[in-house]
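Engineer: Structure file data-v8.tsv, TSV, C-alpha atoms, is pasted below:
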chain	number	residue	atom	x	y	z
A	957	MET	CA	20.70	1.43	14.46
A	958	LYS	CA	19.88	-1.26	17.05
A	959	ILE	CA	16.23	-2.04	17.80
A	960	PRO	CA	15.00	-4.39	20.54
A	961	TYR	CA	12.65	-7.18	19.49
A	962	GLN	CA	9.00	-6.67	20.31
A	963	THR	CA	8.16	-8.78	23.37
A	964	ARG	CA	4.40	-8.59	22.92
A	965	TYR	CA	4.90	-11.70	20.83
A	966	TYR	CA	6.28	-14.98	22.08
A	967	PRO	CA	8.96	-15.71	21.07
A	968	PRO	CA	9.88	-12.02	20.62
A	969	ILE	CA	9.80	-10.71	17.04
A	970	PRO	CA	12.19	-8.35	15.25
A	971	THR	CA	10.78	-4.96	14.27
A	972	LEU	CA	12.00	-1.92	12.37
A	973	SER	CA	10.86	1.60	12.97
A	974	ILE	CA	9.54	3.11	9.75
A	975	ARG	CA	7.77	6.19	8.43
A	976	LEU	CA	5.45	6.22	5.45
A	977	HIS	CA	5.39	9.06	2.94
A	978	SER	CA	2.85	9.84	0.27
A	979	GLN	CA	4.15	11.68	-2.77
A	980	ILE	CA	0.58	12.76	-3.52
A	981	SER	CA	-0.14	14.60	-0.29
A	982	ASP	CA	3.55	15.06	0.59
A	983	SER	CA	2.70	13.95	4.11
A	984	PHE	CA	4.47	11.60	6.51
A	985	SER	CA	3.05	9.14	8.97
A	986	ALA	CA	4.23	9.07	12.53
A	987	SER	CA	7.00	6.61	13.31
A	988	LEU	CA	5.51	3.10	13.17
A	989	PRO	CA	6.86	-0.28	14.26
A	990	GLY	CA	7.02	-2.71	11.34
A	991	LEU	CA	7.15	-6.44	12.06
A	992	VAL	CA	9.90	-8.18	10.10
A	993	ASP	CA	8.19	-11.01	8.21
A	994	THR	CA	10.30	-12.87	5.66
A	995	GLY	CA	7.30	-15.13	4.98
A	996	SER	CA	5.42	-12.27	3.38
A	997	ASP	CA	5.96	-11.39	-0.30
A	998	ALA	CA	4.91	-7.82	0.20
A	999	THR	CA	4.51	-5.15	2.86
A	1000	LEU	CA	1.10	-4.78	4.49
A	1001	ILE	CA	-0.07	-1.46	5.83
A	1002	PRO	CA	-3.23	-0.96	7.91
A	1003	MET	CA	-5.74	0.94	5.78
A	1004	SER	CA	-6.11	3.65	8.44
A	1005	HIS	CA	-2.50	4.79	7.85
A	1006	LEU	CA	-2.97	4.91	4.07
A	1007	ILE	CA	-6.20	6.89	4.44
A	1008	GLN	CA	-4.47	9.37	6.74
A	1009	LEU	CA	-1.75	9.84	4.12
A	1010	ALA	CA	-4.40	10.31	1.41
A	1011	ALA	CA	-2.61	7.60	-0.58
A	1012	GLU	CA	-4.40	6.55	-3.79
A	1013	GLU	CA	-5.39	3.00	-4.59
A	1014	THR	CA	-3.79	1.94	-7.89
A	1015	ALA	CA	-4.93	-1.68	-8.31
A	1016	THR	CA	-6.75	-4.53	-6.67
A	1017	GLY	CA	-5.19	-7.84	-5.74
A	1018	TRP	CA	-5.37	-10.93	-3.58
A	1019	LEU	CA	-3.61	-11.89	-0.37
A	1020	VAL	CA	-3.15	-15.66	-0.03
A	1021	SER	CA	-2.47	-17.32	3.31
A	1022	ILE	CA	-0.47	-20.45	4.10
A	1023	THR	CA	-3.72	-22.44	4.05
A	1024	GLY	CA	-4.52	-21.25	0.52
A	1025	GLU	CA	-7.37	-18.98	1.56
A	1026	ARG	CA	-7.42	-15.66	-0.26
A	1027	LYS	CA	-8.98	-12.29	0.37
A	1028	PRO	CA	-9.26	-9.19	-1.81
A	1029	VAL	CA	-6.86	-6.32	-1.07
A	1030	SER	CA	-6.06	-2.90	-2.46
A	1031	LEU	CA	-2.62	-1.83	-3.68
A	1032	TYR	CA	-0.91	1.52	-3.17
A	1033	PHE	CA	2.45	3.13	-3.90
A	1034	VAL	CA	4.14	4.83	-0.96
A	1035	ASP	CA	7.67	5.74	0.09
A	1036	ILE	CA	9.02	3.92	3.14
A	1037	TYR	CA	11.70	5.49	5.30
A	1038	VAL	CA	13.79	3.15	7.44
A	1039	GLY	CA	16.18	5.27	9.50
A	1040	SER	CA	18.01	7.38	6.93
A	1041	ILE	CA	17.22	4.98	4.08
A	1042	ALA	CA	14.43	6.07	1.72
A	1043	LEU	CA	12.73	3.34	-0.30
A	1044	SER	CA	10.81	5.17	-2.97
A	1045	GLY	CA	7.63	4.02	-4.72
A	1046	ILE	CA	7.07	0.70	-2.94
A	1047	ARG	CA	3.88	-1.12	-3.90
A	1048	VAL	CA	2.20	-2.07	-0.63
A	1049	ILE	CA	-0.95	-3.90	0.34
A	1050	GLY	CA	-3.60	-1.90	2.14
A	1051	ASP	CA	-5.19	-4.23	4.66
A	1052	LYS	CA	-8.33	-3.17	6.49
A	1053	ASP	CA	-7.94	-6.08	8.92
A	1054	ALA	CA	-4.30	-5.42	9.81
A	1055	GLY	CA	-3.50	-3.88	13.18
A	1056	GLU	CA	0.16	-3.25	12.45
A	1057	VAL	CA	2.66	-2.80	9.66
A	1058	ILE	CA	4.13	-6.04	8.29
A	1059	LEU	CA	7.41	-5.58	6.43
A	1060	GLY	CA	7.65	-8.18	3.67
A	1061	ARG	CA	10.50	-9.24	1.43
A	1062	ASP	CA	9.85	-6.41	-1.04
A	1063	VAL	CA	11.31	-4.10	1.62
A	1064	LEU	CA	13.51	-6.49	3.61
A	1065	ASN	CA	15.47	-7.58	0.54
A	1066	LYS	CA	16.62	-3.98	0.08
A	1067	LEU	CA	18.15	-3.81	3.57
A	1068	SER	CA	21.14	-5.35	5.36
A	1069	LEU	CA	19.94	-6.57	8.73
A	1070	LEU	CA	21.51	-8.45	11.59
A	1071	LEU	CA	19.05	-10.50	13.62
A	1072	ASP	CA	20.71	-11.17	16.95
A	1073	GLY	CA	18.27	-13.64	18.48
A	1074	PRO	CA	20.12	-14.28	21.77
A	1075	GLN	CA	20.31	-10.51	22.36
A	1076	SER	CA	16.77	-9.97	21.01
A	1077	THR	CA	17.96	-7.06	18.87
A	1078	LEU	CA	17.80	-6.19	15.21
A	1079	THR	CA	20.58	-4.02	13.80
A	1080	LEU	CA	20.29	-2.07	10.57
A	1081	LEU	CA	23.88	-2.39	9.37
A	1082	ASP	CA	25.83	0.59	8.06
A	1083	ASP	CA	27.59	0.42	4.69
A	1084	LYS	CA	31.06	0.05	6.23
A	1085	THR	CA	30.02	-3.00	8.27
A	1086	VAL	CA	28.22	-4.55	5.28
A	1087	ARG	CA	31.32	-4.16	3.10
A	1088	ARG	CA	33.49	-5.75	5.82
A	1089	LEU	CA	31.14	-8.69	6.31
A	1090	ARG	CA	30.91	-9.31	2.57
A	1091	ARG	CA	34.72	-9.49	2.34
A	1092	GLU	CA	34.94	-12.11	5.11
B	1028	MET	CA	-14.42	25.53	1.35
B	1029	SER	CA	-17.10	25.61	-1.37
B	1030	ASP	CA	-20.78	26.08	-0.50
B	1031	ILE	CA	-22.94	23.06	-1.27
B	1032	GLU	CA	-26.70	23.19	-0.83
B	1033	VAL	CA	-28.26	20.21	0.92
B	1034	SER	CA	-32.00	19.63	1.32
B	1035	ILE	CA	-33.34	20.26	4.82
B	1036	GLU	CA	-34.46	16.60	5.07
B	1037	LEU	CA	-30.80	15.55	4.77
B	1038	PHE	CA	-29.39	18.41	6.79
B	1039	ARG	CA	-31.39	17.77	9.99
B	1040	PRO	CA	-30.20	14.18	10.55
B	1041	LEU	CA	-26.68	15.32	9.69
B	1042	GLU	CA	-26.89	18.02	12.37
B	1043	GLN	CA	-28.15	15.45	14.86
B	1044	LEU	CA	-25.37	13.01	13.97
B	1045	ALA	CA	-22.77	15.77	14.24
B	1046	ALA	CA	-24.02	16.73	17.70
B	1047	GLU	CA	-23.99	13.10	18.86
B	1048	HIS	CA	-20.40	12.62	17.70
B	1049	GLY	CA	-19.15	16.04	18.81
B	1050	LYS	CA	-18.21	16.93	15.25
B	1051	SER	CA	-19.16	19.70	12.86
B	1052	VAL	CA	-21.58	19.04	10.00
B	1053	GLU	CA	-18.83	20.14	7.61
B	1054	SER	CA	-16.37	17.52	8.90
B	1055	ILE	CA	-18.98	14.75	8.56
B	1056	VAL	CA	-19.82	15.83	5.01
B	1057	GLU	CA	-16.11	15.90	4.16
B	1058	GLU	CA	-15.69	12.37	5.55
B	1059	LEU	CA	-18.63	11.19	3.45
B	1060	ILE	CA	-17.20	12.77	0.31
B	1061	VAL	CA	-13.74	11.25	0.92
B	1062	ASP	CA	-15.29	7.80	1.49
B	1063	TYR	CA	-17.47	8.16	-1.61
B	1064	LEU	CA	-14.55	9.21	-3.83
B	1065	ARG	CA	-12.42	6.34	-2.49
B	1066	GLU	CA	-15.21	3.84	-3.21
B	1067	GLN	CA	-15.76	5.25	-6.72
B	1068	ARG	CA	-12.04	4.91	-7.42
B	1069	HIS	CA	-12.10	1.31	-6.14
B	1070	GLN	CA	-15.08	0.44	-8.36
B	1071	PHE	CA	-13.32	1.97	-11.36
B	1072	LEU	CA	-10.18	-0.07	-10.64
B	1073	LEU	CA	-12.23	-3.27	-10.38
B	1074	GLN	CA	-13.69	-2.57	-13.83
B	1075	GLU	CA	-10.27	-1.72	-15.23
B	1076	MET	CA	-8.89	-4.96	-13.76
B	1077	ALA	CA	-11.59	-6.83	-15.74
B	1078	ARG	CA	-10.42	-5.06	-18.93
B	1079	PHE	CA	-6.80	-5.95	-18.06
B	1080	ARG	CA	-7.80	-9.58	-17.48
B	1081	ALA	CA	-9.54	-9.73	-20.87
B	1082	GLN	CA	-6.44	-8.42	-22.69
B	1083	HIS	CA	-3.89	-10.22	-20.54
B	1084	ALA	CA	-2.61	-12.74	-23.12
B	1085	GLU	CA	-1.73	-9.99	-25.60
B	1086	LEU	CA	-0.34	-7.64	-22.93
B	1087	HIS	CA	1.78	-10.42	-21.44
B	1088	GLY	CA	3.46	-10.95	-24.82
B	1089	ARG	CA	4.32	-7.27	-25.08
B	1090	TYR	CA	5.00	-6.10	-21.49
B	1091	GLU	CA	6.05	-9.20	-19.55
B	1092	GLY	CA	7.89	-8.31	-16.33
B	1093	GLN	CA	6.88	-4.65	-16.50
B	1094	PHE	CA	4.21	-2.49	-14.91
B	1095	ILE	CA	1.62	-0.94	-17.18
B	1096	ALA	CA	-0.72	1.99	-16.61
B	1097	MET	CA	-4.17	1.34	-18.07
B	1098	ARG	CA	-7.34	3.40	-18.41
B	1099	ASP	CA	-10.44	2.44	-20.37
B	1100	GLY	CA	-8.61	-0.63	-21.64
B	1101	ARG	CA	-5.81	1.44	-23.18
B	1102	VAL	CA	-2.17	1.22	-22.09
B	1103	LEU	CA	-1.07	4.78	-21.30
B	1104	ASP	CA	2.51	4.02	-20.29
B	1105	HIS	CA	4.78	1.24	-19.01
B	1106	ASP	CA	7.92	0.90	-16.93
B	1107	ILE	CA	9.95	-1.78	-15.19
B	1108	ASP	CA	9.57	0.24	-11.96
B	1109	GLY	CA	5.97	0.58	-10.78
B	1110	GLY	CA	6.76	3.44	-8.40
B	1111	ILE	CA	8.36	5.52	-11.16
B	1112	LEU	CA	5.45	4.75	-13.48
B	1113	TYR	CA	2.92	5.82	-10.85
B	1114	LYS	CA	4.76	9.10	-10.31
B	1115	ARG	CA	4.92	9.79	-14.05
B	1116	ILE	CA	1.22	8.96	-14.55
B	1117	ARG	CA	0.22	11.13	-11.58
B	1118	GLU	CA	2.20	14.09	-12.98
B	1119	LYS	CA	0.65	13.68	-16.43
B	1120	HIS	CA	-2.95	12.72	-15.59
B	1121	GLY	CA	-3.50	14.15	-12.12
B	1122	GLU	CA	-6.12	12.60	-9.87
B	1123	ILE	CA	-8.01	10.55	-12.45
B	1124	PRO	CA	-7.91	6.86	-11.56
B	1125	VAL	CA	-5.45	4.82	-13.62
B	1126	LEU	CA	-4.83	1.12	-13.04
B	1127	ILE	CA	-1.18	0.27	-12.45
B	1128	VAL	CA	-0.47	-3.45	-12.58
B	1129	ALA	CA	2.44	-5.82	-12.90
B	1130	VAL	CA	2.23	-7.92	-16.07
B	1131	ASN	CA	3.10	-11.41	-14.93
B	1132	GLU	CA	2.11	-14.89	-16.09
B	1133	GLN	CA	-1.29	-14.54	-14.47
B	1134	PRO	CA	-3.37	-11.38	-14.53
B	1135	GLU	CA	-4.31	-11.40	-10.85
B	1136	GLN	CA	-1.98	-9.50	-8.53
B	1137	ILE	CA	-1.38	-12.20	-5.94
B	1138	PHE	CA	0.67	-11.92	-2.75
B	1139	THR	CA	1.43	-14.73	-0.34
B	1140	ARG	CA	1.91	-14.52	3.39
B	1141	LEU	CA	3.20	-17.86	4.63
B	1142	SER	CA	3.39	-16.78	8.23
B	1143	HIS	CA	-0.27	-16.01	8.57
B	1144	SER	CA	-3.65	-17.62	8.33
B	1145	LEU	CA	-6.41	-15.28	7.17
B	1146	ASP	CA	-8.84	-16.58	9.75
B	1147	SER	CA	-6.46	-16.01	12.68
Would you write the structure of this file as structure tokens?
Structural biologist:
Amino acid sequence: MKIPYQTRYYPPIPTLSIRLHSQISDSFSASLPGLVDTGSDATLIPMSHLIQLAAEETATGWLVSITGERKPVSLYFVDIYVGSIALSGIRVIGDKDAGEVILGRDVLNKLSLLLDGPQSTLTLLDDKTVRRLRRE
Amino acid sequence: MSDIEVSIELFRPLEQLAAEHGKSVESIVEELIVDYLREQRHQFLLQEMARFRAQHAELHGRYEGQFIAMRDGRVLDHDIDGGILYKRIREKHGEIPVLIVAVNEQPEQIFTRLSHSLDS
């Protein structure tokens, strides 16, 4: 699966198309672009998507920025579908200020991705390619 | 839908609000109830977090590196996988709010985003 970088940002930023699923309501979100952000510990989801899914808050926490500022956040468990890959029971941050999904290392570290900067494309690698690259 | 009686003093402004927003009174009442229940759950979790904080030293010794499910200061269950724990707790206890937290060195559940400033 090859996805063009989002050019709304400069320089362009890699994104993955995802769907959220709530085990509670058994409902799916529409397909959403998720910004690939290796500088984020965890995945951030705009609160509006979590409310639509009727996801349940399970804890409170803090989000700390690079400058050390922190703000209170709510934590939820949802399933995240990336293409045909299902990541079940991921603890995500519900962010009322966020305008888009931010995919953090909790999700990214479960995936094999090729960031092709010169081509401005992100490829979600298939198992066969991953096995070949690991042998090299 | 269940019938709920509302005093006429509350119903009239609701009707007016519904007309202004092009919604039904029922949909506005449902939104209010959903918001109220969400806020009540949040308040409960804040209180439960305080109980978790107070017991953290003992819990850290017993459950370090795991997720625990806590209600009224009592550990109901624990698991290395928070998602699996949440599912199990939901199946057993239904919709009642239960705090699910990672037991790390510090009680606060802290996440860092290096690529972002909160004021930007």
Engineer: Could you check the closest approach to Pro1134 in chain B for each of A:Gly1039, A:Gly1017, A:Gly1045, A:Pro970 and tell me which residue wins, using all atoms listed in the file?
Structural biologist: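 Smallest separation from Pro1134 in chain B among the options: A:Gly1017.
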Engineer: To one decimal place in Å, what is the distance between CA of Ser1021 in chain A and CA of Glu1056 in chain A?
Structural biologist: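 Between CA of Ser1021 in chain A and CA of Glu1056 in chain A the gap is 17.0 Å.
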Engineer: Taking all atoms listed in the file into account, which residues of chain B are within 12 Å of chain A, as a short mmCIF file (atom, residue, chain, number, x, y, z; two decimals) with C-alpha atoms, keeping the file's coordinate frame?
Structural biologist:
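File iface_15.cif, as written:
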data_model
loop_
_atom_site.label_atom_id
_atom_site.label_comp_id
_atom_site.auth_asym_id
_atom_site.auth_seq_id
_atom_site.Cartn_x
_atom_site.Cartn_y
_atom_site.Cartn_z
CA GLU B 1058 -15.69 12.37 5.55
CA VAL B 1061 -13.74 11.25 0.92
CA ASP B 1062 -15.29 7.80 1.49
CA LEU B 1064 -14.55 9.21 -3.83
CA ARG B 1065 -12.42 6.34 -2.49
CA GLU B 1066 -15.21 3.84 -3.21
CA GLN B 1067 -15.76 5.25 -6.72
CA ARG B 1068 -12.04 4.91 -7.42
CA HIS B 1069 -12.10 1.31 -6.14
CA GLN B 1070 -15.08 0.44 -8.36
CA PHE B 1071 -13.32 1.97 -11.36
CA LEU B 1072 -10.18 -0.07 -10.64
CA LEU B 1073 -12.23 -3.27 -10.38
CA GLN B 1074 -13.69 -2.57 -13.83
CA GLU B 1075 -10.27 -1.72 -15.23
CA MET B 1076 -8.89 -4.96 -13.76
CA ALA B 1077 -11.59 -6.83 -15.74
CA PHE B 1079 -6.80 -5.95 -18.06
CA ARG B 1080 -7.80 -9.58 -17.48
CA PHE B 1094 4.21 -2.49 -14.91
CA ILE B 1095 1.62 -0.94 -17.18
CA ALA B 1096 -0.72 1.99 -16.61
CA MET B 1097 -4.17 1.34 -18.07
CA ARG B 1098 -7.34 3.40 -18.41
CA ASP B 1108 9.57 0.24 -11.96
CA GLY B 1109 5.97 0.58 -10.78
CA GLY B 1110 6.76 3.44 -8.40
CA ILE B 1111 8.36 5.52 -11.16
CA LEU B 1112 5.45 4.75 -13.48
CA TYR B 1113 2.92 5.82 -10.85
CA LYS B 1114 4.76 9.10 -10.31
CA ARG B 1115 4.92 9.79 -14.05
CA ILE B 1116 1.22 8.96 -14.55
CA ARG B 1117 0.22 11.13 -11.58
CA GLU B 1118 2.20 14.09 -12.98
CA GLY B 1121 -3.50 14.15 -12.12
CA GLU B 1122 -6.12 12.60 -9.87
CA ILE B 1123 -8.01 10.55 -12.45
CA PRO B 1124 -7.91 6.86 -11.56
CA VAL B 1125 -5.45 4.82 -13.62
CA LEU B 1126 -4.83 1.12 -13.04
CA ILE B 1127 -1.18 0.27 -12.45
CA VAL B 1128 -0.47 -3.45 -12.58
CA ALA B 1129 2.44 -5.82 -12.90
CA GLN B 1133 -1.29 -14.54 -14.47
CA PRO B 1134 -3.37 -11.38 -14.53
CA GLU B 1135 -4.31 -11.40 -10.85
CA GLN B 1136 -1.98 -9.50 -8.53
CA ILE B 1137 -1.38 -12.20 -5.94
CA PHE B 1138 0.67 -11.92 -2.75
CA THR B 1139 1.43 -14.73 -0.34
CA ARG B 1140 1.91 -14.52 3.39
CA LEU B 1141 3.20 -17.86 4.63
CA SER B 1142 3.39 -16.78 8.23
CA HIS B 1143 -0.27 -16.01 8.57
CA SER B 1144 -3.65 -17.62 8.33
CA LEU B 1145 -6.41 -15.28 7.17
CA ASP B 1146 -8.84 -16.58 9.75
CA SER B 1147 -6.46 -16.01 12.68
#
Engineer: Can you tell me how far CA of Asp1051 in chain A sits from CA of Glu1047 in chain B, in Å to one decimal?
Structural biologist: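 Interatomic distance, CA of Asp1051 in chain A to CA of Glu1047 in chain B: 29.2 Å.
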Engineer: Go ahead and compute the interatomic distance for CA of Ser1076 in chain A and CA of Pro968 in chain A, in Å to one decimal.
Structural biologist: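 A separation of 7.2 Å between them.
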Engineer: Identify which of the residues A:Pro960, A:Ala1042, A:Ser1004, A:Ala1011 lies closest to Arg975 in chain A, counting only C-alpha atoms when measuring atom-to-atom distances.
Structural biologist: A:Ala1042
Engineer: Any idea what's packed within 9 Å of Leu1067 in chain A, counting only C-alpha atoms, ignoring anything in its chain fewer than 6 positions away? Could you give it as a PyMOL selection string?
Structural biologist: chain A and resi 1041+1080-1081
Engineer: For Pro989 in chain A, which of A:Val1057, A:Leu1009, A:Ile959, A:Val1038 is the closest residue, counting all atoms listed in the file?
Structural biologist: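 Answer, going by the shortest atom-to-atom distance: A:Val1057.
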Engineer: Give, as JSON, the centre coordinates and the x, y and z edge lengths in Å to one decimal for an axis-aligned box around all listed atoms of range 1107-1111 of chain B, padded by 8 Å on each side.
Structural biologist:
{"center_x": 8.0, "center_y": 1.9, "center_z": -11.8, "size_x": 20.0, "size_y": 23.3, "size_z": 22.8}
Engineer: Between B:Ser1054, B:Glu1132, B:His1120, B:Ala1045, which has the minimum distance to Tyr1090 in chain B (counting only C-alpha atoms)?
Structural biologist: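 Between B:Ser1054, B:Glu1132, B:His1120, B:Ala1045, the residue approaching Tyr1090 in chain B most closely is B:Glu1132.
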Engineer: Which residues, written as a ChimeraX atom specification, have at least one atom at most 10 Å from Arg1089 in chain B, with all atoms listed in the file counted and residues fewer than 5 positions away on the same chain left out?
Structural biologist: /B:1083-1084,1130
Engineer: Rank A:Val1086, A:His1005, A:Gly1055, A:Arg964 by their smallest atom-to-atom distance to Ser1068 in chain A, using all atoms listed in the file, and report the top residue only.
Structural biologist: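 When distances to Ser1068 in chain A are compared using all atoms listed in the file, the smallest one comes from A:Val1086.
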Engineer: With distances taken over all atoms listed in the file, which of B:Gly1100, B:Val1056, B:Ile1107, B:Tyr1063 is nearest to Ala1081 in chain B?
Structural biologist: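 Smallest separation from Ala1081 in chain B among the options: B:Gly1100.
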Engineer: Find the residues around Glu1053 in chain B up to 12 Å (all atoms listed in the file counted), leave out those fewer than 2 positions away in its own chain, and share them as a count of residues only.
Structural biologist: 21
